[in-house]
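Below is one structure, written out as structure tokens, with a few remarks after it.
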Amino acid sequence: MPSVAKTTVKKVNASNSTEAEDLLAIEEPLEIKLEYGPANKRVQKSISVTMRTPGNDFELAVGFLYTEGIIKSAADVASFEYTKSDNENVIMVTLSEDANPEMSKLERHFYTTSSCGVCGKTSIEAVRIACNIPDLPDHLRFPASVIYQLPGLLRKRQEVFENTGGLHACALFDTNGSLLLSREDVGRHNALDKLTGAALNEDMIPLDKHILLLSGRASFELVQKAVMAGIKVVAAVGAPSSLAAEMAEEWGMTLIGFLRGERFNIYSGAERIVI
């Protein structure tokens, strides 16, 4: 499915207006269905509908299931497919018969919206219960010079963004600052789920020796998903929220914000960055 659509716009400036062709990032719903249970008692259930940019849909589905704590590993997934040949907006994820999905997680204990009045401690504790990656000590160290170059490397990979300017992106880097994986989507949480799904499929989880770069701000939901993937260092071009910073501190994560040019702010885990 295409990720970009053409449209005609009227460009206006102080002296005149002209018609021109423009490109827009496509936004369409994706329904994720789950089939699970023993052979003689299989259950099918619709578990999520998200607005996303088409592309890497299977990674998005698997990444969502993992970062929400519903599945524990890629081995839980037996297969996935579009449910209709003429409709690529519905995906069926079939779990293996011995998989034990945490369906209670569908009640969504992760309180992520800015309008939610639930205590931040409650939100953080919910992630602690769901995460099956131990919070082990590490000796990661990254020179500031490596951090500076990350946004430029990601920008070179943002194909759809270059055409539309309308997508969020995230990328995974190794300890040398080499870009390993990147994904884009109209939803920042979808971009990270796609990235996590790709890493899960390549047996890279836990990502405890990598840097995650976010093209926008660092929200609690994105830090939560990074924790679920075992990521120790998160850098964002934009600002972190207060709850994102609190959670990063709680999990011993290095959280960097306002990464622009040769400057950034460190909100937690400063010991991993060599200045």
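Letters for chains follow the order of the structure tokens (A, B, ...), residue numbers begin at 1 for each chain, and ligand numbers begin at 1 in the order shown.
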
If DSSP is run on the backbone, what residues of segment 5-212 of chain A are alpha helix (DSSP H)? A reply as an mmCIF file with N, CA, C and O atoms, in the first residue's frame would be ideal.
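Result file is selection22.cif:
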```cif
data_model
loop_
_atom_site.group_PDB
_atom_site.id
_atom_site.type_symbol
_atom_site.label_atom_id
_atom_site.label_comp_id
_atom_site.auth_asym_id
_atom_site.auth_seq_id
_atom_site.Cartn_x
_atom_site.Cartn_y
_atom_site.Cartn_z
ATOM 1 N N ASP A 57 3.083 -3.055 8.316
ATOM 2 C CA ASP A 57 1.930 -3.325 9.167
ATOM 3 C C ASP A 57 2.128 -4.524 10.082
ATOM 4 O O ASP A 57 1.672 -4.527 11.226
ATOM 5 N N PHE A 58 2.787 -5.576 9.580
ATOM 6 C CA PHE A 58 3.006 -6.753 10.420
ATOM 7 C C PHE A 58 3.937 -6.426 11.583
ATOM 8 O O PHE A 58 3.743 -6.890 12.712
ATOM 9 N N GLU A 59 4.957 -5.625 11.311
ATOM 10 C CA GLU A 59 5.847 -5.188 12.389
ATOM 11 C C GLU A 59 5.079 -4.359 13.411
ATOM 12 O O GLU A 59 5.297 -4.499 14.621
ATOM 13 N N LEU A 60 4.197 -3.503 12.931
ATOM 14 C CA LEU A 60 3.390 -2.676 13.826
ATOM 15 C C LEU A 60 2.546 -3.550 14.744
ATOM 16 O O LEU A 60 2.483 -3.321 15.960
ATOM 17 N N ALA A 61 1.901 -4.567 14.177
ATOM 18 C CA ALA A 61 1.037 -5.442 14.966
ATOM 19 C C ALA A 61 1.839 -6.195 16.030
ATOM 20 O O ALA A 61 1.456 -6.239 17.205
ATOM 21 N N VAL A 62 2.958 -6.785 15.633
ATOM 22 C CA VAL A 62 3.775 -7.560 16.571
ATOM 23 C C VAL A 62 4.411 -6.637 17.614
ATOM 24 O O VAL A 62 4.463 -6.965 18.811
ATOM 25 N N GLY A 63 4.894 -5.481 17.175
ATOM 26 C CA GLY A 63 5.482 -4.532 18.112
ATOM 27 C C GLY A 63 4.479 -4.036 19.127
ATOM 28 O O GLY A 63 4.789 -3.885 20.317
ATOM 29 N N PHE A 64 3.244 -3.785 18.683
ATOM 30 C CA PHE A 64 2.181 -3.364 19.596
ATOM 31 C C PHE A 64 1.911 -4.441 20.648
ATOM 32 O O PHE A 64 1.834 -4.162 21.843
ATOM 33 N N LEU A 65 1.771 -5.686 20.199
ATOM 34 C CA LEU A 65 1.495 -6.785 21.127
ATOM 35 C C LEU A 65 2.614 -6.935 22.157
ATOM 36 O O LEU A 65 2.359 -7.217 23.327
ATOM 37 N N TYR A 66 3.859 -6.731 21.710
ATOM 38 C CA TYR A 66 4.995 -6.887 22.618
ATOM 39 C C TYR A 66 5.101 -5.722 23.596
ATOM 40 O O TYR A 66 5.256 -5.920 24.809
ATOM 41 N N THR A 67 5.042 -4.492 23.094
ATOM 42 C CA THR A 67 5.243 -3.344 23.981
ATOM 43 C C THR A 67 4.072 -3.152 24.935
ATOM 44 O O THR A 67 4.214 -2.491 25.962
ATOM 45 N N GLY A 120 1.034 9.473 38.325
ATOM 46 C CA GLY A 120 2.160 8.989 37.541
ATOM 47 C C GLY A 120 2.789 7.740 38.116
ATOM 48 O O GLY A 120 3.239 6.866 37.395
ATOM 49 N N LYS A 121 2.833 7.624 39.445
ATOM 50 C CA LYS A 121 3.400 6.436 40.084
ATOM 51 C C LYS A 121 2.629 5.181 39.691
ATOM 52 O O LYS A 121 3.197 4.111 39.514
ATOM 53 N N THR A 122 1.297 5.310 39.574
ATOM 54 C CA THR A 122 0.468 4.177 39.161
ATOM 55 C C THR A 122 0.823 3.741 37.749
ATOM 56 O O THR A 122 0.934 2.551 37.450
ATOM 57 N N SER A 123 1.024 4.702 36.873
ATOM 58 C CA SER A 123 1.373 4.405 35.487
ATOM 59 C C SER A 123 2.713 3.692 35.403
ATOM 60 O O SER A 123 2.872 2.714 34.675
ATOM 61 N N ILE A 124 3.691 4.173 36.133
ATOM 62 C CA ILE A 124 5.026 3.589 36.106
ATOM 63 C C ILE A 124 5.012 2.179 36.681
ATOM 64 O O ILE A 124 5.645 1.267 36.156
ATOM 65 N N GLU A 125 4.261 1.966 37.749
ATOM 66 C CA GLU A 125 4.184 0.650 38.357
ATOM 67 C C GLU A 125 3.537 -0.353 37.407
ATOM 68 O O GLU A 125 3.910 -1.533 37.376
ATOM 69 N N ALA A 126 2.549 0.099 36.599
ATOM 70 C CA ALA A 126 1.899 -0.791 35.638
ATOM 71 C C ALA A 126 2.904 -1.322 34.629
ATOM 72 O O ALA A 126 2.869 -2.492 34.244
ATOM 73 N N VAL A 127 3.837 -0.483 34.198
ATOM 74 C CA VAL A 127 4.867 -0.912 33.259
ATOM 75 C C VAL A 127 5.830 -1.882 33.941
ATOM 76 O O VAL A 127 6.259 -2.879 33.350
ATOM 77 N N ARG A 128 6.167 -1.625 35.204
ATOM 78 C CA ARG A 128 7.062 -2.511 35.941
ATOM 79 C C ARG A 128 6.487 -3.927 36.018
ATOM 80 O O ARG A 128 7.193 -4.920 35.883
ATOM 81 N N ILE A 129 5.178 -4.035 36.202
ATOM 82 C CA ILE A 129 4.522 -5.337 36.284
ATOM 83 C C ILE A 129 4.542 -6.037 34.930
ATOM 84 O O ILE A 129 4.743 -7.241 34.826
ATOM 85 N N ALA A 130 4.346 -5.267 33.848
ATOM 86 C CA ALA A 130 4.225 -5.855 32.509
ATOM 87 C C ALA A 130 5.577 -6.232 31.900
ATOM 88 O O ALA A 130 5.666 -7.176 31.119
ATOM 89 N N ALA A 144 29.532 12.360 23.520
ATOM 90 C CA ALA A 144 28.578 13.366 23.050
ATOM 91 C C ALA A 144 28.680 13.536 21.537
ATOM 92 O O ALA A 144 27.674 13.804 20.861
ATOM 93 N N SER A 145 29.865 13.352 20.985
ATOM 94 C CA SER A 145 30.052 13.505 19.538
ATOM 95 C C SER A 145 29.223 12.491 18.753
ATOM 96 O O SER A 145 28.788 12.775 17.627
ATOM 97 N N VAL A 146 28.998 11.311 19.319
ATOM 98 C CA VAL A 146 28.146 10.311 18.669
ATOM 99 C C VAL A 146 26.690 10.760 18.719
ATOM 100 O O VAL A 146 25.951 10.647 17.740
ATOM 101 N N ILE A 147 26.265 11.299 19.860
ATOM 102 C CA ILE A 147 24.879 11.744 20.023
ATOM 103 C C ILE A 147 24.549 12.869 19.046
ATOM 104 O O ILE A 147 23.470 12.893 18.446
ATOM 105 N N TYR A 148 25.481 13.812 18.857
ATOM 106 C CA TYR A 148 25.241 14.954 17.982
ATOM 107 C C TYR A 148 24.824 14.538 16.569
ATOM 108 O O TYR A 148 23.993 15.193 15.938
ATOM 109 N N GLN A 149 25.409 13.459 16.049
ATOM 110 C CA GLN A 149 25.226 13.120 14.636
ATOM 111 C C GLN A 149 23.945 12.324 14.362
ATOM 112 O O GLN A 149 23.562 12.149 13.207
ATOM 113 N N LEU A 150 23.267 11.852 15.398
ATOM 114 C CA LEU A 150 22.139 10.947 15.194
ATOM 115 C C LEU A 150 20.983 11.544 14.377
ATOM 116 O O LEU A 150 20.482 10.893 13.454
ATOM 117 N N PRO A 151 20.511 12.777 14.665
ATOM 118 C CA PRO A 151 19.391 13.314 13.878
ATOM 119 C C PRO A 151 19.688 13.416 12.387
ATOM 120 O O PRO A 151 18.820 13.149 11.552
ATOM 121 N N GLY A 152 20.920 13.788 12.047
ATOM 122 C CA GLY A 152 21.285 13.880 10.636
ATOM 123 C C GLY A 152 21.250 12.533 9.944
ATOM 124 O O GLY A 152 20.813 12.423 8.792
ATOM 125 N N LEU A 153 21.685 11.489 10.633
ATOM 126 C CA LEU A 153 21.657 10.146 10.062
ATOM 127 C C LEU A 153 20.228 9.661 9.869
ATOM 128 O O LEU A 153 19.902 9.030 8.858
ATOM 129 N N LEU A 154 19.353 9.964 10.831
ATOM 130 C CA LEU A 154 17.943 9.572 10.697
ATOM 131 C C LEU A 154 17.283 10.324 9.554
ATOM 132 O O LEU A 154 16.524 9.740 8.777
ATOM 133 N N ARG A 155 17.576 11.606 9.440
ATOM 134 C CA ARG A 155 16.933 12.430 8.402
ATOM 135 C C ARG A 155 17.207 11.868 7.004
ATOM 136 O O ARG A 155 16.349 11.909 6.123
ATOM 137 N N LYS A 156 18.393 11.307 6.807
ATOM 138 C CA LYS A 156 18.728 10.734 5.505
ATOM 139 C C LYS A 156 17.869 9.515 5.181
ATOM 140 O O LYS A 156 17.693 9.162 4.016
ATOM 141 N N ARG A 157 17.343 8.860 6.219
ATOM 142 C CA ARG A 157 16.521 7.674 6.023
ATOM 143 C C ARG A 157 15.022 7.985 5.921
ATOM 144 O O ARG A 157 14.227 7.121 5.578
ATOM 145 N N GLU A 159 12.417 8.836 4.142
ATOM 146 C CA GLU A 159 11.994 9.006 2.757
ATOM 147 C C GLU A 159 10.634 9.691 2.653
ATOM 148 O O GLU A 159 10.439 10.620 1.863
ATOM 149 N N VAL A 160 9.650 9.224 3.416
ATOM 150 C CA VAL A 160 8.309 9.803 3.322
ATOM 151 C C VAL A 160 8.289 11.200 3.911
ATOM 152 O O VAL A 160 7.626 12.103 3.391
ATOM 153 N N PHE A 161 9.031 11.419 4.999
ATOM 154 C CA PHE A 161 9.089 12.748 5.600
ATOM 155 C C PHE A 161 9.632 13.763 4.607
ATOM 156 O O PHE A 161 9.151 14.893 4.520
ATOM 157 N N GLU A 162 10.635 13.360 3.846
ATOM 158 C CA GLU A 162 11.220 14.272 2.866
ATOM 159 C C GLU A 162 10.174 14.712 1.851
ATOM 160 O O GLU A 162 10.204 15.826 1.346
ATOM 161 N N ASN A 163 9.218 13.833 1.540
ATOM 162 C CA ASN A 163 8.175 14.166 0.569
ATOM 163 C C ASN A 163 7.027 14.954 1.174
ATOM 164 O O ASN A 163 6.382 15.749 0.496
ATOM 165 N N THR A 164 6.722 14.717 2.456
ATOM 166 C CA THR A 164 5.510 15.279 3.037
ATOM 167 C C THR A 164 5.739 16.202 4.222
ATOM 168 O O THR A 164 4.920 17.083 4.490
ATOM 169 N N ARG A 188 3.442 8.727 16.382
ATOM 170 C CA ARG A 188 4.781 8.476 16.947
ATOM 171 C C ARG A 188 4.845 7.131 17.665
ATOM 172 O O ARG A 188 5.856 6.446 17.614
ATOM 173 N N HIS A 189 3.750 6.730 18.315
ATOM 174 C CA HIS A 189 3.758 5.433 18.993
ATOM 175 C C HIS A 189 3.763 4.292 17.980
ATOM 176 O O HIS A 189 4.364 3.240 18.213
ATOM 177 N N ASN A 190 3.114 4.476 16.824
ATOM 178 C CA ASN A 190 3.130 3.454 15.776
ATOM 179 C C ASN A 190 4.537 3.279 15.200
ATOM 180 O O ASN A 190 4.960 2.156 14.897
ATOM 181 N N ALA A 191 5.241 4.397 15.009
ATOM 182 C CA ALA A 191 6.605 4.314 14.473
ATOM 183 C C ALA A 191 7.478 3.471 15.392
ATOM 184 O O ALA A 191 8.251 2.626 14.935
ATOM 185 N N LEU A 192 7.326 3.671 16.708
ATOM 186 C CA LEU A 192 8.137 2.903 17.651
ATOM 187 C C LEU A 192 7.694 1.446 17.714
ATOM 188 O O LEU A 192 8.523 0.544 17.853
ATOM 189 N N ASP A 193 6.393 1.189 17.600
ATOM 190 C CA ASP A 193 5.924 -0.204 17.557
ATOM 191 C C ASP A 193 6.463 -0.913 16.316
ATOM 192 O O ASP A 193 6.843 -2.092 16.374
ATOM 193 N N LYS A 194 6.488 -0.222 15.180
ATOM 194 C CA LYS A 194 7.056 -0.814 13.962
ATOM 195 C C LYS A 194 8.531 -1.149 14.170
ATOM 196 O O LYS A 194 9.005 -2.228 13.770
ATOM 197 N N LEU A 195 9.260 -0.228 14.780
ATOM 198 C CA LEU A 195 10.688 -0.450 15.032
ATOM 199 C C LEU A 195 10.889 -1.631 15.977
ATOM 200 O O LEU A 195 11.745 -2.492 15.748
ATOM 201 N N THR A 196 10.086 -1.680 17.036
ATOM 202 C CA THR A 196 10.198 -2.779 18.008
ATOM 203 C C THR A 196 9.828 -4.105 17.371
ATOM 204 O O THR A 196 10.473 -5.132 17.618
ATOM 205 N N GLY A 197 8.773 -4.097 16.543
ATOM 206 C CA GLY A 197 8.387 -5.318 15.849
ATOM 207 C C GLY A 197 9.480 -5.829 14.938
ATOM 208 O O GLY A 197 9.741 -7.036 14.873
ATOM 209 N N ALA A 198 10.155 -4.908 14.241
ATOM 210 C CA ALA A 198 11.262 -5.306 13.368
ATOM 211 C C ALA A 198 12.402 -5.899 14.191
ATOM 212 O O ALA A 198 12.992 -6.919 13.814
ATOM 213 N N ALA A 199 12.717 -5.272 15.318
ATOM 214 C CA ALA A 199 13.784 -5.776 16.183
ATOM 215 C C ALA A 199 13.413 -7.133 16.772
ATOM 216 O O ALA A 199 14.258 -8.028 16.886
ATOM 217 N N LEU A 200 12.155 -7.308 17.117
ATOM 218 C CA LEU A 200 11.687 -8.578 17.674
ATOM 219 C C LEU A 200 11.811 -9.689 16.640
ATOM 220 O O LEU A 200 12.268 -10.794 16.938
ATOM 221 N N ASN A 201 11.424 -9.381 15.405
ATOM 222 C CA ASN A 201 11.494 -10.378 14.331
ATOM 223 C C ASN A 201 12.939 -10.769 14.005
ATOM 224 O O ASN A 201 13.195 -11.865 13.510
#
```

Just the residues within 7 Å of Val4 of chain A, please, counting only C-alpha atoms, with nothing from its chain fewer than 6 positions along; format it as a PyMOL selection string. chain A and resi 23-26

Which residues, written as a PyMOL selection string, have at least one atom at most 7 Å from Asp208 of chain A, with only C-alpha atoms counted and residues fewer than 5 positions away on the same chain left out? chain A and resi 230-232

Show me, as a ChimeraX atom specification, the residues that have an atom within 12 Å of Glu88 of chain A when counting only C-alpha atoms, minus same-chain residues fewer than 5 positions from it. /A:1-2,28-32,53-58,81-83

Just list the residues in segment 34-260 of chain A DSSP gives strand (DSSP E) on the backbone, as an mmCIF file with N, CA and C atoms, in the first residue's frame.
```cif
data_model
loop_
_atom_site.group_PDB
_atom_site.id
_atom_site.type_symbol
_atom_site.label_atom_id
_atom_site.label_comp_id
_atom_site.auth_asym_id
_atom_site.auth_seq_id
_atom_site.Cartn_x
_atom_site.Cartn_y
_atom_site.Cartn_z
ATOM 1 N N LEU A 34 -6.625 -10.820 16.978
ATOM 2 C CA LEU A 34 -5.778 -11.833 17.596
ATOM 3 C C LEU A 34 -6.518 -13.163 17.646
ATOM 4 N N GLU A 35 -5.824 -14.243 17.239
ATOM 5 C CA GLU A 35 -6.352 -15.598 17.406
ATOM 6 C C GLU A 35 -5.438 -16.327 18.374
ATOM 7 N N TYR A 36 -6.008 -16.924 19.422
ATOM 8 C CA TYR A 36 -5.192 -17.543 20.456
ATOM 9 C C TYR A 36 -5.983 -18.651 21.150
ATOM 10 N N VAL A 43 -9.811 -18.772 20.015
ATOM 11 C CA VAL A 43 -10.618 -17.562 20.162
ATOM 12 C C VAL A 43 -10.081 -16.502 19.215
ATOM 13 N N GLN A 44 -10.982 -15.779 18.572
ATOM 14 C CA GLN A 44 -10.602 -14.636 17.755
ATOM 15 C C GLN A 44 -11.174 -13.369 18.376
ATOM 16 N N LYS A 45 -10.321 -12.345 18.475
ATOM 17 C CA LYS A 45 -10.757 -11.123 19.137
ATOM 18 C C LYS A 45 -10.110 -9.913 18.492
ATOM 19 N N SER A 46 -10.906 -8.888 18.259
ATOM 20 C CA SER A 46 -10.369 -7.617 17.778
ATOM 21 C C SER A 46 -9.812 -6.874 18.981
ATOM 22 N N ILE A 47 -8.526 -6.502 18.922
ATOM 23 C CA ILE A 47 -7.890 -5.934 20.111
ATOM 24 C C ILE A 47 -7.496 -4.468 19.975
ATOM 25 N N SER A 48 -7.403 -3.963 18.751
ATOM 26 C CA SER A 48 -6.962 -2.579 18.613
ATOM 27 C C SER A 48 -7.294 -2.039 17.229
ATOM 28 N N VAL A 49 -7.632 -0.767 17.179
ATOM 29 C CA VAL A 49 -7.718 -0.028 15.917
ATOM 30 C C VAL A 49 -6.871 1.230 16.084
ATOM 31 N N THR A 50 -5.891 1.395 15.218
ATOM 32 C CA THR A 50 -5.004 2.551 15.312
ATOM 33 C C THR A 50 -4.922 3.246 13.959
ATOM 34 N N MET A 51 -4.793 4.556 13.986
ATOM 35 C CA MET A 51 -4.597 5.311 12.753
ATOM 36 C C MET A 51 -3.108 5.303 12.444
ATOM 37 N N ARG A 52 -2.772 4.782 11.253
ATOM 38 C CA ARG A 52 -1.351 4.631 10.924
ATOM 39 C C ARG A 52 -1.100 4.956 9.460
ATOM 40 N N VAL A 77 4.188 -15.852 18.290
ATOM 41 C CA VAL A 77 3.428 -15.593 17.056
ATOM 42 C C VAL A 77 3.657 -16.717 16.060
ATOM 43 N N ALA A 78 2.563 -17.360 15.659
ATOM 44 C CA ALA A 78 2.647 -18.441 14.672
ATOM 45 C C ALA A 78 2.584 -17.886 13.254
ATOM 46 N N SER A 79 1.717 -16.904 13.013
ATOM 47 C CA SER A 79 1.579 -16.319 11.674
ATOM 48 C C SER A 79 0.787 -15.027 11.768
ATOM 49 N N PHE A 80 0.844 -14.258 10.701
ATOM 50 C CA PHE A 80 -0.013 -13.078 10.589
ATOM 51 C C PHE A 80 -0.332 -12.859 9.126
ATOM 52 N N GLU A 81 -1.518 -12.331 8.868
ATOM 53 C CA GLU A 81 -1.954 -12.121 7.492
ATOM 54 C C GLU A 81 -3.072 -11.094 7.450
ATOM 55 N N TYR A 82 -3.196 -10.432 6.290
ATOM 56 C CA TYR A 82 -4.367 -9.600 6.068
ATOM 57 C C TYR A 82 -5.567 -10.532 5.940
ATOM 58 N N THR A 83 -6.667 -10.175 6.576
ATOM 59 C CA THR A 83 -7.785 -11.107 6.643
ATOM 60 C C THR A 83 -8.586 -11.175 5.354
ATOM 61 N N LYS A 84 -8.486 -10.150 4.498
ATOM 62 C CA LYS A 84 -9.196 -10.152 3.222
ATOM 63 C C LYS A 84 -8.238 -9.720 2.120
ATOM 64 N N ASN A 87 -8.723 -6.028 1.367
ATOM 65 C CA ASN A 87 -8.695 -5.078 2.466
ATOM 66 C C ASN A 87 -7.419 -5.269 3.280
ATOM 67 N N GLU A 88 -6.471 -4.374 3.083
ATOM 68 C CA GLU A 88 -5.202 -4.486 3.791
ATOM 69 C C GLU A 88 -5.187 -3.618 5.043
ATOM 70 N N ASN A 89 -6.376 -3.335 5.588
ATOM 71 C CA ASN A 89 -6.456 -2.564 6.814
ATOM 72 C C ASN A 89 -6.896 -3.410 8.004
ATOM 73 N N VAL A 90 -6.950 -4.727 7.828
ATOM 74 C CA VAL A 90 -7.277 -5.642 8.922
ATOM 75 C C VAL A 90 -6.231 -6.753 8.946
ATOM 76 N N ILE A 91 -5.556 -6.919 10.080
ATOM 77 C CA ILE A 91 -4.520 -7.939 10.222
ATOM 78 C C ILE A 91 -4.928 -8.939 11.299
ATOM 79 N N MET A 92 -4.790 -10.205 10.987
ATOM 80 C CA MET A 92 -5.004 -11.268 11.961
ATOM 81 C C MET A 92 -3.649 -11.797 12.413
ATOM 82 N N VAL A 93 -3.374 -11.695 13.697
ATOM 83 C CA VAL A 93 -2.161 -12.259 14.278
ATOM 84 C C VAL A 93 -2.557 -13.561 14.968
ATOM 85 N N THR A 94 -2.009 -14.666 14.499
ATOM 86 C CA THR A 94 -2.313 -15.975 15.066
ATOM 87 C C THR A 94 -1.191 -16.394 16.000
ATOM 88 N N LEU A 95 -1.534 -16.641 17.256
ATOM 89 C CA LEU A 95 -0.549 -17.064 18.233
ATOM 90 C C LEU A 95 -0.422 -18.582 18.247
ATOM 91 N N PHE A 142 28.560 6.605 25.883
ATOM 92 C CA PHE A 142 28.455 7.159 24.535
ATOM 93 C C PHE A 142 29.063 8.555 24.526
ATOM 94 N N PRO A 143 30.042 8.827 23.658
ATOM 95 C CA PRO A 143 30.582 10.185 23.535
ATOM 96 C C PRO A 143 29.502 11.143 23.033
ATOM 97 N N HIS A 168 6.248 11.182 11.889
ATOM 98 C CA HIS A 168 7.189 10.965 12.981
ATOM 99 C C HIS A 168 8.127 9.829 12.588
ATOM 100 N N ALA A 169 9.299 9.812 13.174
ATOM 101 C CA ALA A 169 10.258 8.742 12.881
ATOM 102 C C ALA A 169 11.013 8.375 14.134
ATOM 103 N N CYS A 170 11.531 7.172 14.149
ATOM 104 C CA CYS A 170 12.433 6.747 15.220
ATOM 105 C C CYS A 170 13.476 5.828 14.617
ATOM 106 N N ALA A 171 14.599 5.717 15.290
ATOM 107 C CA ALA A 171 15.701 4.918 14.752
ATOM 108 C C ALA A 171 16.476 4.281 15.889
ATOM 109 N N LEU A 172 17.113 3.173 15.551
ATOM 110 C CA LEU A 172 17.928 2.424 16.492
ATOM 111 C C LEU A 172 19.374 2.474 16.021
ATOM 112 N N PHE A 173 20.267 2.846 16.941
ATOM 113 C CA PHE A 173 21.698 2.957 16.638
ATOM 114 C C PHE A 173 22.489 2.030 17.562
ATOM 115 N N LEU A 179 23.430 3.536 12.215
ATOM 116 C CA LEU A 179 21.983 3.364 12.169
ATOM 117 C C LEU A 179 21.649 1.941 11.723
ATOM 118 N N LEU A 180 20.903 1.222 12.569
ATOM 119 C CA LEU A 180 20.566 -0.173 12.298
ATOM 120 C C LEU A 180 19.166 -0.332 11.729
ATOM 121 N N LEU A 181 18.192 0.374 12.301
ATOM 122 C CA LEU A 181 16.797 0.277 11.880
ATOM 123 C C LEU A 181 16.139 1.642 12.008
ATOM 124 N N SER A 182 15.191 1.937 11.131
ATOM 125 C CA SER A 182 14.393 3.155 11.271
ATOM 126 C C SER A 182 13.003 2.899 10.719
ATOM 127 N N ARG A 183 12.008 3.563 11.300
ATOM 128 C CA ARG A 183 10.625 3.433 10.845
ATOM 129 C C ARG A 183 9.932 4.784 10.963
ATOM 130 N N GLU A 184 8.927 5.005 10.080
ATOM 131 C CA GLU A 184 8.153 6.238 10.069
ATOM 132 C C GLU A 184 6.669 5.926 10.202
ATOM 133 N N ASP A 185 5.925 6.873 10.743
ATOM 134 C CA ASP A 185 4.474 6.729 10.798
ATOM 135 C C ASP A 185 3.855 8.064 11.190
ATOM 136 N N ILE A 211 20.943 2.855 21.158
ATOM 137 C CA ILE A 211 20.354 4.178 21.384
ATOM 138 C C ILE A 211 19.090 4.280 20.544
ATOM 139 N N LEU A 212 18.009 4.729 21.166
ATOM 140 C CA LEU A 212 16.779 5.020 20.439
ATOM 141 C C LEU A 212 16.690 6.520 20.207
ATOM 142 N N LEU A 213 16.481 6.920 18.959
ATOM 143 C CA LEU A 213 16.286 8.335 18.628
ATOM 144 C C LEU A 213 14.853 8.572 18.203
ATOM 145 N N LEU A 214 14.216 9.600 18.777
ATOM 146 C CA LEU A 214 12.856 10.000 18.436
ATOM 147 C C LEU A 214 12.902 11.337 17.706
ATOM 148 N N VAL A 233 19.060 3.943 26.520
ATOM 149 C CA VAL A 233 19.345 5.331 26.149
ATOM 150 C C VAL A 233 18.330 5.796 25.115
ATOM 151 N N VAL A 234 17.587 6.861 25.450
ATOM 152 C CA VAL A 234 16.606 7.450 24.541
ATOM 153 C C VAL A 234 16.970 8.913 24.318
ATOM 154 N N ALA A 235 17.089 9.300 23.063
ATOM 155 C CA ALA A 235 17.367 10.693 22.705
ATOM 156 C C ALA A 235 16.218 11.212 21.848
ATOM 157 N N ALA A 236 15.778 12.414 22.130
ATOM 158 C CA ALA A 236 14.660 13.013 21.398
ATOM 159 C C ALA A 236 15.057 14.385 20.876
ATOM 160 N N THR A 254 18.870 6.593 30.454
ATOM 161 C CA THR A 254 19.404 7.889 30.047
ATOM 162 C C THR A 254 18.409 8.541 29.098
ATOM 163 N N LEU A 255 17.913 9.711 29.471
ATOM 164 C CA LEU A 255 16.930 10.418 28.648
ATOM 165 C C LEU A 255 17.497 11.763 28.216
ATOM 166 N N ILE A 256 17.574 11.947 26.909
ATOM 167 C CA ILE A 256 18.116 13.168 26.312
ATOM 168 C C ILE A 256 17.005 13.875 25.553
ATOM 169 N N GLY A 257 16.933 15.194 25.691
ATOM 170 C CA GLY A 257 15.949 15.988 24.962
ATOM 171 C C GLY A 257 16.595 17.175 24.278
#
```
